[in-house]
$ cat data.txt   # compact mmCIF, C-alpha atoms and all ligand atoms
# COMPACT_ATOMS: atom_id res chain seq x y z
CA MET A 1 225.29 -28.38 172.54
CA LYS A 2 226.95 -25.82 170.35
CA ASN A 3 226.26 -23.18 172.98
CA MET A 4 227.67 -25.37 175.71
CA LEU A 5 230.81 -25.85 173.65
CA LYS A 6 231.12 -22.15 173.05
CA GLU A 7 230.71 -21.53 176.74
CA ILE A 8 233.44 -23.98 177.57
CA LEU A 9 235.70 -22.25 175.10
CA ASN A 10 234.99 -18.84 176.59
CA GLU A 11 235.36 -20.02 180.15
CA SER A 12 238.58 -21.78 179.31
CA ILE A 13 240.08 -18.77 177.59
CA GLU A 14 239.10 -16.53 180.48
CA ALA A 15 240.59 -18.89 183.08
CA LEU A 16 243.62 -19.27 180.91
CA ASN A 17 244.20 -15.54 180.79
CA LYS A 18 243.99 -15.35 184.56
CA ALA A 19 246.32 -18.25 185.20
CA ASP A 20 249.78 -17.11 186.11
CA SER A 21 251.54 -20.26 187.15
CA LEU A 22 252.33 -23.50 185.36
CA GLU A 23 250.51 -25.37 188.14
CA GLU A 24 247.29 -23.44 187.56
CA LEU A 25 247.58 -24.11 183.85
CA GLU A 26 248.00 -27.83 184.44
CA ASN A 27 244.89 -27.88 186.66
CA LEU A 28 242.90 -26.11 184.00
CA LYS A 29 244.04 -28.58 181.38
CA VAL A 30 242.80 -31.47 183.49
CA LYS A 31 239.54 -29.69 184.26
CA VAL A 32 238.69 -29.12 180.60
CA LEU A 33 240.48 -31.74 178.53
CA GLY A 34 241.06 -34.48 181.12
CA ARG A 35 239.20 -37.76 181.21
CA LYS A 36 236.62 -36.26 183.53
CA GLY A 37 237.01 -32.80 182.03
CA SER A 38 234.08 -30.60 180.93
CA LEU A 39 234.82 -30.84 177.19
CA THR A 40 235.31 -34.57 177.38
CA SER A 41 231.99 -35.15 179.09
CA ILE A 42 230.15 -33.07 176.49
CA LEU A 43 231.78 -35.02 173.69
CA ARG A 44 230.51 -38.18 175.34
CA GLY A 45 226.99 -36.84 174.74
CA MET A 46 227.62 -36.94 170.95
CA LYS A 47 226.26 -40.43 170.72
CA ASP A 48 222.77 -39.07 171.57
CA LEU A 49 222.77 -36.73 168.58
CA SER A 50 221.08 -37.51 165.28
CA LYS A 51 223.10 -38.87 162.38
CA GLU A 52 222.88 -35.55 160.53
CA GLU A 53 223.94 -33.43 163.46
CA ARG A 54 226.82 -35.62 164.59
CA PRO A 55 229.49 -34.85 161.89
CA MET A 56 228.88 -31.15 162.08
CA MET A 57 228.98 -31.05 165.83
CA GLY A 58 232.02 -33.33 165.81
CA LYS A 59 233.88 -30.95 163.57
CA TYR A 60 232.89 -27.99 165.71
CA ALA A 61 233.94 -29.75 168.91
CA ASN A 62 237.31 -30.59 167.42
CA GLU A 63 237.85 -26.99 166.45
CA ILE A 64 237.03 -25.90 169.98
CA ARG A 65 239.37 -28.53 171.39
CA GLU A 66 242.13 -27.41 169.09
CA LYS A 67 241.63 -23.77 170.02
CA ILE A 68 241.79 -24.58 173.70
CA GLU A 69 244.84 -26.76 173.21
CA ASN A 70 246.66 -24.13 171.21
CA SER A 71 245.87 -21.42 173.71
CA LEU A 72 247.05 -23.66 176.51
CA ALA A 73 250.30 -24.38 174.69
CA GLU A 74 250.87 -20.73 173.99
CA LYS A 75 250.24 -19.73 177.58
CA GLU A 76 252.48 -22.52 178.79
CA LYS A 77 255.31 -21.15 176.71
CA ILE A 78 254.83 -17.70 178.17
CA LEU A 79 254.70 -18.99 181.73
CA GLN A 80 257.77 -21.15 181.20
CA GLU A 81 259.66 -18.17 179.89
CA LYS A 82 258.54 -16.19 182.94
CA ARG A 83 259.71 -18.90 185.32
CA LYS A 84 263.07 -19.07 183.61
CA GLU A 85 263.50 -15.36 183.99
CA PHE A 86 262.53 -15.57 187.65
CA LEU A 87 265.03 -18.35 188.29
CA LEU A 88 267.79 -16.55 186.44
CA GLU A 89 267.10 -13.44 188.43
CA ARG A 90 267.16 -15.34 191.70
CA GLU A 91 270.35 -17.18 190.87
CA ARG A 92 272.16 -14.19 189.55
CA ILE A 93 275.75 -13.88 190.70
CA ASP A 94 277.33 -10.50 190.95
CA VAL A 95 280.89 -11.22 189.97
CA THR A 96 281.93 -7.71 190.88
CA MET A 97 280.97 -8.16 194.53
CA PRO A 98 283.98 -8.39 196.89
CA GLY A 99 284.62 -12.00 197.98
CA LYS A 100 285.20 -13.34 201.47
CA LYS A 101 288.87 -13.21 202.36
CA ALA A 102 290.40 -16.51 203.46
CA GLU A 103 292.37 -16.18 206.70
CA ARG A 104 296.03 -16.59 206.02
CA GLY A 105 298.20 -18.47 208.45
CA ASN A 106 301.84 -17.79 209.12
CA VAL A 107 304.91 -19.62 210.26
CA HIS A 108 305.11 -20.03 214.04
CA PRO A 109 307.80 -17.76 215.56
CA LEU A 110 309.68 -20.80 216.91
CA THR A 111 309.77 -22.45 213.49
CA LYS A 112 310.75 -19.14 211.93
CA THR A 113 313.65 -18.78 214.35
CA ILE A 114 314.73 -22.40 213.83
CA ASN A 115 314.79 -21.74 210.09
CA GLU A 116 316.88 -18.61 210.51
CA VAL A 117 319.33 -20.32 212.84
CA LYS A 118 319.53 -23.31 210.53
CA SER A 119 320.34 -21.16 207.54
CA VAL A 120 323.24 -19.52 209.40
CA PHE A 121 324.77 -22.91 210.20
CA ILE A 122 324.03 -24.38 206.80
CA GLY A 123 325.96 -21.39 205.47
CA LEU A 124 328.86 -22.45 207.69
CA GLY A 125 328.79 -25.95 206.20
CA TYR A 126 326.78 -27.80 208.85
CA ASP A 127 324.42 -30.71 208.12
CA VAL A 128 320.99 -30.84 209.78
CA VAL A 129 320.09 -34.07 211.58
CA ASP A 130 317.01 -35.23 213.44
CA GLY A 131 316.54 -37.62 216.33
CA PRO A 132 313.96 -39.14 218.67
CA GLU A 133 312.24 -37.18 221.44
CA VAL A 134 311.58 -40.42 223.32
CA GLU A 135 315.17 -41.34 223.98
CA LEU A 136 317.20 -44.09 225.60
CA THR A 137 318.59 -43.08 228.99
CA TYR A 138 321.88 -44.29 227.55
CA TYR A 139 322.06 -41.52 224.92
CA ASN A 140 320.55 -38.84 227.14
CA PHE A 141 322.99 -39.48 230.03
CA ASP A 142 325.41 -42.44 229.88
CA ALA A 143 326.92 -41.75 226.48
CA LEU A 144 327.28 -38.13 227.55
CA ASN A 145 329.58 -38.92 230.43
CA ALA A 146 326.95 -38.54 233.13
CA PRO A 147 327.55 -41.54 235.41
CA LYS A 148 324.68 -43.37 237.11
CA PHE A 149 324.48 -41.14 240.16
CA HIS A 150 325.63 -37.93 238.54
CA PRO A 151 323.51 -35.03 239.81
CA SER A 152 322.62 -33.99 236.23
CA ARG A 153 320.27 -36.98 236.06
CA ASP A 154 317.94 -35.27 238.47
CA TYR A 155 319.01 -31.65 238.35
CA GLN A 156 317.28 -31.54 235.01
CA ASP A 157 314.18 -33.11 236.52
CA THR A 158 313.78 -35.78 233.92
CA PHE A 159 310.52 -37.37 232.75
CA TYR A 160 311.31 -41.08 232.95
CA ILE A 161 309.13 -43.48 230.98
CA ASN A 162 311.03 -46.32 232.61
CA PRO A 163 314.61 -46.54 233.90
CA GLU A 164 315.91 -47.10 230.34
CA ILE A 165 313.73 -44.61 228.48
CA VAL A 166 313.23 -40.88 229.01
CA LEU A 167 311.75 -37.92 227.22
CA ARG A 168 315.02 -36.35 226.16
CA THR A 169 315.98 -33.48 228.46
CA GLN A 170 318.34 -31.98 225.88
CA THR A 171 319.27 -32.39 222.22
CA SER A 172 322.78 -33.48 223.29
CA PRO A 173 322.00 -37.20 222.76
CA MET A 174 322.28 -36.32 219.06
CA GLN A 175 326.00 -35.79 219.63
CA ALA A 176 326.43 -39.42 220.65
CA ARG A 177 324.03 -40.76 218.02
CA THR A 178 325.73 -38.86 215.21
CA MET A 179 329.28 -39.81 216.18
CA GLU A 180 328.29 -43.46 216.59
CA LYS A 181 327.11 -43.57 212.98
CA ASN A 182 329.62 -41.30 211.22
CA ALA A 183 333.38 -41.05 211.06
CA PRO A 184 335.03 -37.67 211.70
CA PRO A 185 335.29 -34.98 210.50
CA LEU A 186 331.69 -33.85 210.91
CA LYS A 187 329.67 -30.71 211.54
CA ILE A 188 326.00 -31.06 212.43
CA ILE A 189 323.13 -29.21 214.00
CA ALA A 190 320.10 -30.98 215.49
CA PRO A 191 317.04 -28.87 216.32
CA GLY A 192 314.15 -30.38 218.28
CA ARG A 193 311.89 -30.50 221.29
CA VAL A 194 313.12 -31.37 224.76
CA TYR A 195 311.24 -32.04 228.00
CA ARG A 196 311.90 -31.22 231.63
CA ASN A 197 309.73 -31.62 234.65
CA ASP A 198 309.38 -27.87 235.22
CA ASN A 199 306.27 -25.89 236.01
CA LEU A 200 305.10 -23.43 233.40
CA ASP A 201 306.00 -19.86 234.33
CA ALA A 202 307.38 -16.78 232.61
CA THR A 203 310.76 -18.36 231.93
CA HIS A 204 310.14 -22.13 232.23
CA SER A 205 308.11 -24.65 230.31
CA PRO A 206 308.01 -28.46 230.58
CA LEU A 207 308.51 -28.53 226.82
CA PHE A 208 310.92 -26.30 224.96
CA THR A 209 313.12 -26.27 221.92
CA GLN A 210 316.85 -26.65 221.62
CA MET A 211 319.33 -26.87 218.83
CA GLU A 212 322.43 -28.94 219.30
CA GLY A 213 325.61 -28.24 217.39
CA LEU A 214 328.64 -30.45 217.07
CA ALA A 215 331.87 -30.10 215.14
CA VAL A 216 334.54 -32.79 215.36
CA GLY A 217 337.78 -33.10 213.44
CA LYS A 218 341.51 -32.74 213.69
CA GLY A 219 342.81 -29.75 215.64
CA ILE A 220 339.48 -28.12 216.49
CA SER A 221 340.03 -25.68 219.35
CA PHE A 222 338.12 -23.52 221.80
CA GLY A 223 339.00 -20.60 219.52
CA ASP A 224 336.95 -22.23 216.75
CA LEU A 225 334.05 -22.57 219.17
CA LYS A 226 334.26 -18.89 220.15
CA GLY A 227 334.56 -17.76 216.55
CA THR A 228 331.63 -19.88 215.38
CA LEU A 229 329.26 -18.85 218.15
CA THR A 230 330.22 -15.18 217.94
CA THR A 231 329.59 -15.23 214.19
CA PHE A 232 326.25 -16.94 214.82
CA CYS A 233 325.13 -14.46 217.51
CA LYS A 234 325.97 -11.47 215.36
CA ALA A 235 324.21 -12.97 212.35
CA ILE A 236 321.03 -13.53 214.32
CA PHE A 237 320.98 -10.61 216.76
CA GLY A 238 322.93 -7.94 214.86
CA GLU A 239 326.56 -6.89 214.39
CA GLU A 240 326.43 -4.56 217.38
CA ARG A 241 325.53 -7.36 219.81
CA GLU A 242 328.20 -8.18 222.39
CA VAL A 243 328.89 -11.83 223.14
CA ARG A 244 330.46 -13.12 226.33
CA PHE A 245 331.60 -16.57 227.40
CA ARG A 246 331.29 -17.50 231.09
CA PRO A 247 332.96 -20.61 232.56
CA HIS A 248 330.44 -23.32 233.38
CA ASN A 249 330.22 -27.05 233.85
CA PHE A 250 328.57 -29.80 231.78
CA PRO A 251 329.45 -33.49 232.13
CA PHE A 252 329.94 -33.87 228.37
CA THR A 253 332.18 -30.86 227.69
CA GLU A 254 335.50 -29.77 229.15
CA PRO A 255 336.10 -26.89 229.38
CA SER A 256 332.51 -25.66 229.33
CA ALA A 257 330.96 -22.26 228.98
CA GLU A 258 327.68 -20.46 228.94
CA VAL A 259 327.22 -17.82 226.29
CA ASP A 260 325.39 -14.52 226.85
CA ILE A 261 324.48 -11.74 224.46
CA SER A 262 324.06 -8.12 225.51
CA CYS A 263 320.35 -7.49 226.07
CA ILE A 264 318.59 -6.56 222.87
CA VAL A 265 315.85 -4.66 224.64
CA CYS A 266 317.91 -2.30 226.84
CA GLY A 267 321.26 -2.64 225.07
CA GLY A 268 322.97 -3.67 228.32
CA LYS A 269 321.63 -1.08 230.74
CA GLY A 270 319.35 -3.52 232.51
CA CYS A 271 315.62 -4.17 232.08
CA ARG A 272 312.87 -6.69 232.78
CA VAL A 273 313.79 -8.97 229.87
CA CYS A 274 317.40 -9.39 231.10
CA SER A 275 316.48 -9.30 234.84
CA ASP A 276 318.52 -6.10 235.15
CA THR A 277 321.79 -7.85 234.32
CA GLY A 278 322.22 -6.39 230.83
CA TRP A 279 322.88 -9.93 229.50
CA ILE A 280 320.75 -12.77 228.20
CA GLU A 281 322.00 -16.34 228.35
CA ILE A 282 321.24 -18.25 225.17
CA LEU A 283 323.76 -21.08 224.83
CA GLY A 284 325.60 -23.81 226.69
CA ALA A 285 328.82 -24.91 225.02
CA GLY A 286 332.23 -26.46 225.41
CA MET A 287 334.90 -28.78 224.04
CA VAL A 288 333.59 -32.32 223.64
CA HIS A 289 334.77 -34.37 226.64
CA PRO A 290 337.36 -37.03 225.68
CA ASN A 291 335.17 -39.67 227.36
CA VAL A 292 332.28 -38.79 225.06
CA LEU A 293 334.53 -39.06 221.99
CA ALA A 294 335.88 -42.40 223.20
CA MET A 295 332.42 -43.83 223.99
CA ALA A 296 331.31 -43.02 220.44
CA GLY A 297 334.33 -44.90 219.08
CA TYR A 298 336.51 -41.88 218.27
CA ASP A 299 340.16 -41.55 219.34
CA PRO A 300 340.40 -38.48 221.63
CA ASN A 301 344.12 -38.28 220.85
CA GLU A 302 343.38 -37.97 217.14
CA VAL A 303 340.33 -35.70 217.01
CA SER A 304 338.77 -32.99 219.08
CA GLY A 305 335.57 -31.04 218.79
CA PHE A 306 333.20 -28.53 220.22
CA ALA A 307 329.52 -28.74 221.00
CA PHE A 308 326.84 -26.24 221.86
CA GLY A 309 323.20 -26.21 222.79
CA LEU A 310 321.03 -23.27 221.86
CA GLU A 311 317.66 -22.65 223.43
CA ILE A 312 315.36 -21.47 220.66
CA GLU A 313 312.79 -19.82 222.97
CA ARG A 314 315.57 -17.80 224.62
CA THR A 315 316.68 -16.78 221.15
CA CYS A 316 313.17 -15.60 220.25
CA ILE A 317 312.44 -13.78 223.47
CA PRO A 318 315.10 -11.07 223.16
CA LYS A 319 314.68 -11.03 219.38
CA TYR A 320 311.00 -10.14 219.67
CA GLY A 321 311.16 -8.36 223.05
CA MET A 322 308.81 -10.91 224.63
CA ASN A 323 308.57 -11.49 228.34
CA ALA A 324 306.95 -14.91 228.72
CA ILE A 325 307.76 -18.30 227.27
CA ARG A 326 304.22 -19.61 227.54
CA ALA A 327 302.99 -17.47 224.65
CA PHE A 328 304.79 -19.87 222.30
CA TYR A 329 302.56 -22.77 223.30
CA GLU A 330 299.17 -21.20 223.91
CA ASN A 331 298.45 -20.73 220.20
CA ASP A 332 296.62 -17.49 220.79
CA ASN A 333 296.05 -16.05 217.34
CA ARG A 334 296.43 -12.48 218.59
CA PHE A 335 300.00 -13.37 219.55
CA LEU A 336 300.82 -15.49 216.50
CA GLU A 337 299.44 -12.97 214.01
CA GLN A 338 302.21 -10.56 214.95
CA PHE A 339 304.73 -12.73 213.15
CA LYS A 340 303.13 -12.48 209.71
N1 LIG A 401 322.67 -29.80 226.75
C1 LIG A 401 323.03 -28.61 227.51
C2 LIG A 401 321.80 -28.09 228.21
O1 LIG A 401 320.72 -28.54 227.91
C3 LIG A 401 323.61 -27.54 226.60
C4 LIG A 401 324.94 -27.92 225.99
C5 LIG A 401 324.99 -28.52 224.79
C6 LIG A 401 326.11 -27.62 226.65
C7 LIG A 401 326.20 -28.84 224.21
C8 LIG A 401 327.32 -27.95 226.09
C9 LIG A 401 327.38 -28.53 224.88
O2 LIG A 401 321.89 -27.26 229.08

$ encode --input "data.txt" --output "structure tokens" --more "lines below"
Ligand code: PHE
Amino acid sequence: MKNMLKEILNESIEALNKADSLEELENLKVKVLGRKGSLTSILRGMKDLSKEERPMMGKYANEIREKIENSLAEKEKILQEKRKEFLLERERIDVTMPGKKAERGNVHPLTKTINEVKSVFIGLGYDVVDGPEVELTYYNFDALNAPKFHPSRDYQDTFYINPEIVLRTQTSPMQARTMEKNAPPLKIIAPGRVYRNDNLDATHSPLFTQMEGLAVGKGISFGDLKGTLTTFCKAIFGEEREVRFRPHNFPFTEPSAEVDISCIVCGGKGCRVCSDTGWIEILGAGMVHPNVLAMAGYDPNEVSGFAFGLEIERTCIPKYGMNAIRAFYENDNRFLEQFK
């Protein structure tokens, strides 16, 4: 029996030395010390020994057991240490490695231009107001002196939702809405989207952006309108830009004008951007029609005012030397990234 015990000890130590994983160690433990383990089954044979032999053999067996247990514990410690090192190595983070760069967005060129234009007018003392894109036909046409069968109701190719509701074709309804709610004097701008039933091509889009301006008070004249818009054009497009006013016609202004700037790309010589005219039209404007003032509850004999409508896309296009309006709406990153 003593020899058998010795053998178990030797075998165990040998297996133990070979084991190089915690799993193997656990298996060995079960194989030797477990309920059906080799040492356990030998100890069961103790009962067959003589009374004299039993205590001695018992003591010896316990020593063996202790040795095996201690060796197992020692080896377990080593293997645990090894595993920890392995895990640490695997999970190591190199803090000096360059990180992944997050893509940075930028403000859309239309928004950028709106912000620039806004800041010019805020500097001139204007308030910024906002209004609905789904608009009552009343504000889009009737309150703006466009009678029921006035050609402007279809020359703008309106999207009607029903006879009383349209997608606004211009920001001009904000003139009527603002005057209805506020007493003169007032100076406002109203940027926003407008909709017209146009096909998308280089210069047209069914959706585009305008900014309305309105100034009403005592003694406001066409000279004020010219001065304001000239100041604005030079602030946005540069001091050297020439500004010209051409007579035009809008139902809600009288007299009316369209405003051109000398082409930023060719400086007036003529190029693709200005269709060889040397000029780029960017604004419609005029003195607020007395009917519009009266409909909003103002006394046209007491106050006068001017209004203007700026097309933001047409402001961007010469500013950035672009040649197609659609680029603003396609959201192609290669285009947008240029405005970082
Ligand atoms: N609403 C006009 C347009 O869309 C522009 C305009 C605004 C003209 C204000 C005069 C005064 O063409």

$ residues_around --input "data.txt" --residues "Asp299 (chain A)" --least-positions-apart "5" --cutoff "12 Å" --atoms "only C-alpha atoms" --output "list in words"
Met179, Ala183, Pro184, Val216, Gly217, Lys218, His289, Pro290, Asn291, Val292, Leu293, Ala294, Ser304 and Gly305 of chain A

$ write_last_selection --input "data.txt" --atoms "C-alpha atoms" --output "PDB file, in the coordinates of the input"
ATOM      1  CA  MET A 179     329.280 -39.810 216.180  1.00  0.00           C
ATOM      2  CA  ALA A 183     333.380 -41.050 211.060  1.00  0.00           C
ATOM      3  CA  PRO A 184     335.030 -37.670 211.700  1.00  0.00           C
ATOM      4  CA  VAL A 216     334.540 -32.790 215.360  1.00  0.00           C
ATOM      5  CA  GLY A 217     337.780 -33.100 213.440  1.00  0.00           C
ATOM      6  CA  LYS A 218     341.510 -32.740 213.690  1.00  0.00           C
ATOM      7  CA  HIS A 289     334.770 -34.370 226.640  1.00  0.00           C
ATOM      8  CA  PRO A 290     337.360 -37.030 225.680  1.00  0.00           C
ATOM      9  CA  ASN A 291     335.170 -39.670 227.360  1.00  0.00           C
ATOM     10  CA  VAL A 292     332.280 -38.790 225.060  1.00  0.00           C
ATOM     11  CA  LEU A 293     334.530 -39.060 221.990  1.00  0.00           C
ATOM     12  CA  ALA A 294     335.880 -42.400 223.200  1.00  0.00           C
ATOM     13  CA  SER A 304     338.770 -32.990 219.080  1.00  0.00           C
ATOM     14  CA  GLY A 305     335.570 -31.040 218.790  1.00  0.00           C
TER      15      GLY A 305
END

$ atom_distance --input "data.txt" --atom1 "CA of Met57 (chain A)" --atom2 "CA of Lys2 (chain A)"
7.2 Å

$ closest_residue --input "data.txt" --among "A:Val273, A:Ile189, A:Ala176, A:Leu22" --to "Ile114 (chain A)" --atoms "all atoms listed in the file"
A:Ile189

$ atom_distance --input "data.txt" --atom1 "CA of Val128 (chain A)" --atom2 "CA of Glu180 (chain A)"
16.1 Å

$ residues_near_ligand --input "data.txt" --ligand "ligand LIG 401 (chain A)" --cutoff "6 Å" --atoms "only C-alpha atoms and all ligand atoms" --output "PyMOL selection string"
chain A and resi 170+172+253+284-286+307-309

$ closest_residue --input "data.txt" --among "A:Pro251, A:Ser275, A:Asn301, A:Gly34" --to "Ala146 (chain A)" --atoms "only C-alpha atoms"
A:Pro251

$ residues_around --input "data.txt" --residues "region 255-257 of chain A" --least-positions-apart "4" --cutoff "6 Å" --atoms "all atoms listed in the file" --output "list in words"
Phe245, Arg246, Pro247, His248, Asn249, Ala285, Gly286 and Met287 of chain A

$ residues_around --input "data.txt" --residues "region 164-169 of chain A" --least-positions-apart "5" --cutoff "8 Å" --atoms "only C-alpha atoms" --output "number ranges by chain"
A: 133-138, 140, 156, 158-159, 194-196

$ residues_around --input "data.txt" --residues "Tyr126 (chain A)" --least-positions-apart "5" --cutoff "10 Å" --atoms "all atoms listed in the file" --output "list in words"
Lys118, Ser119, Val120, Phe121, Leu186, Lys187, Ile188, Ile189, Ala190, Gly213, Leu214 and Ala215 of chain A

$ write_last_selection --input "data.txt" --atoms "C-alpha atoms" --output "PDB file, in the frame of the given file"
ATOM      1  CA  LYS A 118     319.530 -23.310 210.530  1.00  0.00           C
ATOM      2  CA  SER A 119     320.340 -21.160 207.540  1.00  0.00           C
ATOM      3  CA  VAL A 120     323.240 -19.520 209.400  1.00  0.00           C
ATOM      4  CA  PHE A 121     324.770 -22.910 210.200  1.00  0.00           C
ATOM      5  CA  LEU A 186     331.690 -33.850 210.910  1.00  0.00           C
ATOM      6  CA  LYS A 187     329.670 -30.710 211.540  1.00  0.00           C
ATOM      7  CA  ILE A 188     326.000 -31.060 212.430  1.00  0.00           C
ATOM      8  CA  ILE A 189     323.130 -29.210 214.000  1.00  0.00           C
ATOM      9  CA  ALA A 190     320.100 -30.980 215.490  1.00  0.00           C
ATOM     10  CA  GLY A 213     325.610 -28.240 217.390  1.00  0.00           C
ATOM     11  CA  LEU A 214     328.640 -30.450 217.070  1.00  0.00           C
ATOM     12  CA  ALA A 215     331.870 -30.100 215.140  1.00  0.00           C
TER      13      ALA A 215
END

$ closest_residue --input "data.txt" --among "A:Ile122, A:Ala19, A:Val288, A:Leu49" --to "Glu76 (chain A)" --atoms "only C-alpha atoms"
A:Ala19

$ residues_near_point --input "data.txt" --point "(245.1, -25.9, 174.3)" --cutoff "10 Å" --atoms "only C-alpha atoms" --output "PyMOL selection string"
chain A and resi 12-13+16+28-29+32-33+64-76

$ closest_residue --input "data.txt" --among "A:Ile264, A:Ile8, A:Val259, A:Ile317" --to "Thr40 (chain A)" --atoms "all atoms listed in the file"
A:Ile8

$ axis_aligned_box --input "data.txt" --around "region 195-204 of chain A" --padding-each-side "3 Å" --output "AutoDock Vina command-line options"
--center_x 308.5 --center_y -24.4 --center_z 232.0 --size_x 12.8 --size_y 21.3 --size_z 14.0

$ atom_distance --input "data.txt" --atom1 "CA of Thr203 (chain A)" --atom2 "CA of Ala324 (chain A)"
6.1 Å

$ closest_residue --input "data.txt" --among "A:Pro147, A:Gly123, A:Gly131, A:Glu11" --to "Thr228 (chain A)" --atoms "all atoms listed in the file"
A:Gly123

$ residues_around --input "data.txt" --residues "Glu337 (chain A)" --least-positions-apart "2" --cutoff "12 Å" --atoms "only C-alpha atoms" --output "NGL selection string"
:A and (103-109 or 331-335 or 339-340)

$ closest_residue --input "data.txt" --among "A:Ile161, A:Asn199, A:Phe306, A:Arg90" --to "Gly223 (chain A)" --atoms "only C-alpha atoms"
A:Phe306

$ decode --input "data.txt" --residues "region 279-333 of chain A" --atoms "C-alpha atoms" --output "short mmCIF file (atom, residue, chain, number, x, y, z; two decimals), in the first residue's frame"
data_model
loop_
_atom_site.label_atom_id
_atom_site.label_comp_id
_atom_site.auth_asym_id
_atom_site.auth_seq_id
_atom_site.Cartn_x
_atom_site.Cartn_y
_atom_site.Cartn_z
CA TRP A 279 -25.25 91.26 -64.37
CA ILE A 280 -26.86 88.87 -61.91
CA GLU A 281 -30.38 89.49 -60.66
CA ILE A 282 -30.70 88.84 -56.95
CA LEU A 283 -33.62 90.89 -55.61
CA GLY A 284 -37.17 92.01 -56.29
CA ALA A 285 -38.15 95.19 -54.47
CA GLY A 286 -40.38 98.23 -54.37
CA MET A 287 -42.47 100.63 -52.31
CA VAL A 288 -45.23 98.82 -50.44
CA HIS A 289 -48.48 99.26 -52.40
CA PRO A 290 -51.01 101.48 -50.57
CA ASN A 291 -53.60 98.70 -50.91
CA VAL A 292 -51.32 96.30 -49.03
CA LEU A 293 -50.82 98.85 -46.23
CA ALA A 294 -54.57 99.47 -46.04
CA MET A 295 -55.47 95.76 -46.01
CA ALA A 296 -53.13 95.25 -43.05
CA GLY A 297 -54.89 98.07 -41.19
CA TYR A 298 -52.30 100.80 -41.79
CA ASP A 299 -53.16 104.29 -43.09
CA PRO A 300 -51.34 104.73 -46.43
CA ASN A 301 -51.61 108.50 -46.00
CA GLU A 302 -49.73 108.30 -42.70
CA VAL A 303 -47.03 105.71 -43.35
CA SER A 304 -45.09 104.36 -46.27
CA GLY A 305 -42.58 101.59 -46.64
CA PHE A 306 -40.41 99.50 -48.84
CA ALA A 307 -40.16 95.76 -49.28
CA PHE A 308 -37.71 93.44 -50.95
CA GLY A 309 -37.32 89.76 -51.63
CA LEU A 310 -33.88 88.24 -51.87
CA GLU A 311 -33.26 84.84 -53.38
CA ILE A 312 -30.66 83.14 -51.22
CA GLU A 313 -29.56 80.60 -53.88
CA ARG A 314 -28.95 83.44 -56.34
CA THR A 315 -26.90 85.13 -53.65
CA CYS A 316 -24.78 82.00 -53.13
CA ILE A 317 -24.26 81.17 -56.77
CA PRO A 318 -22.24 84.26 -57.73
CA LYS A 319 -20.63 84.33 -54.28
CA TYR A 320 -19.22 80.85 -54.72
CA GLY A 321 -18.97 80.86 -58.54
CA MET A 322 -21.40 77.95 -58.82
CA ASN A 323 -23.33 77.15 -61.95
CA ALA A 324 -26.22 74.95 -60.82
CA ILE A 325 -28.86 75.38 -58.16
CA ARG A 326 -29.44 71.67 -57.69
CA ALA A 327 -26.13 71.18 -55.87
CA PHE A 328 -27.73 72.84 -52.84
CA TYR A 329 -30.29 70.07 -52.46
CA GLU A 330 -28.43 66.93 -53.48
CA ASN A 331 -26.42 66.77 -50.26
CA ASP A 332 -23.37 65.43 -52.02
CA ASN A 333 -20.61 65.55 -49.44
#
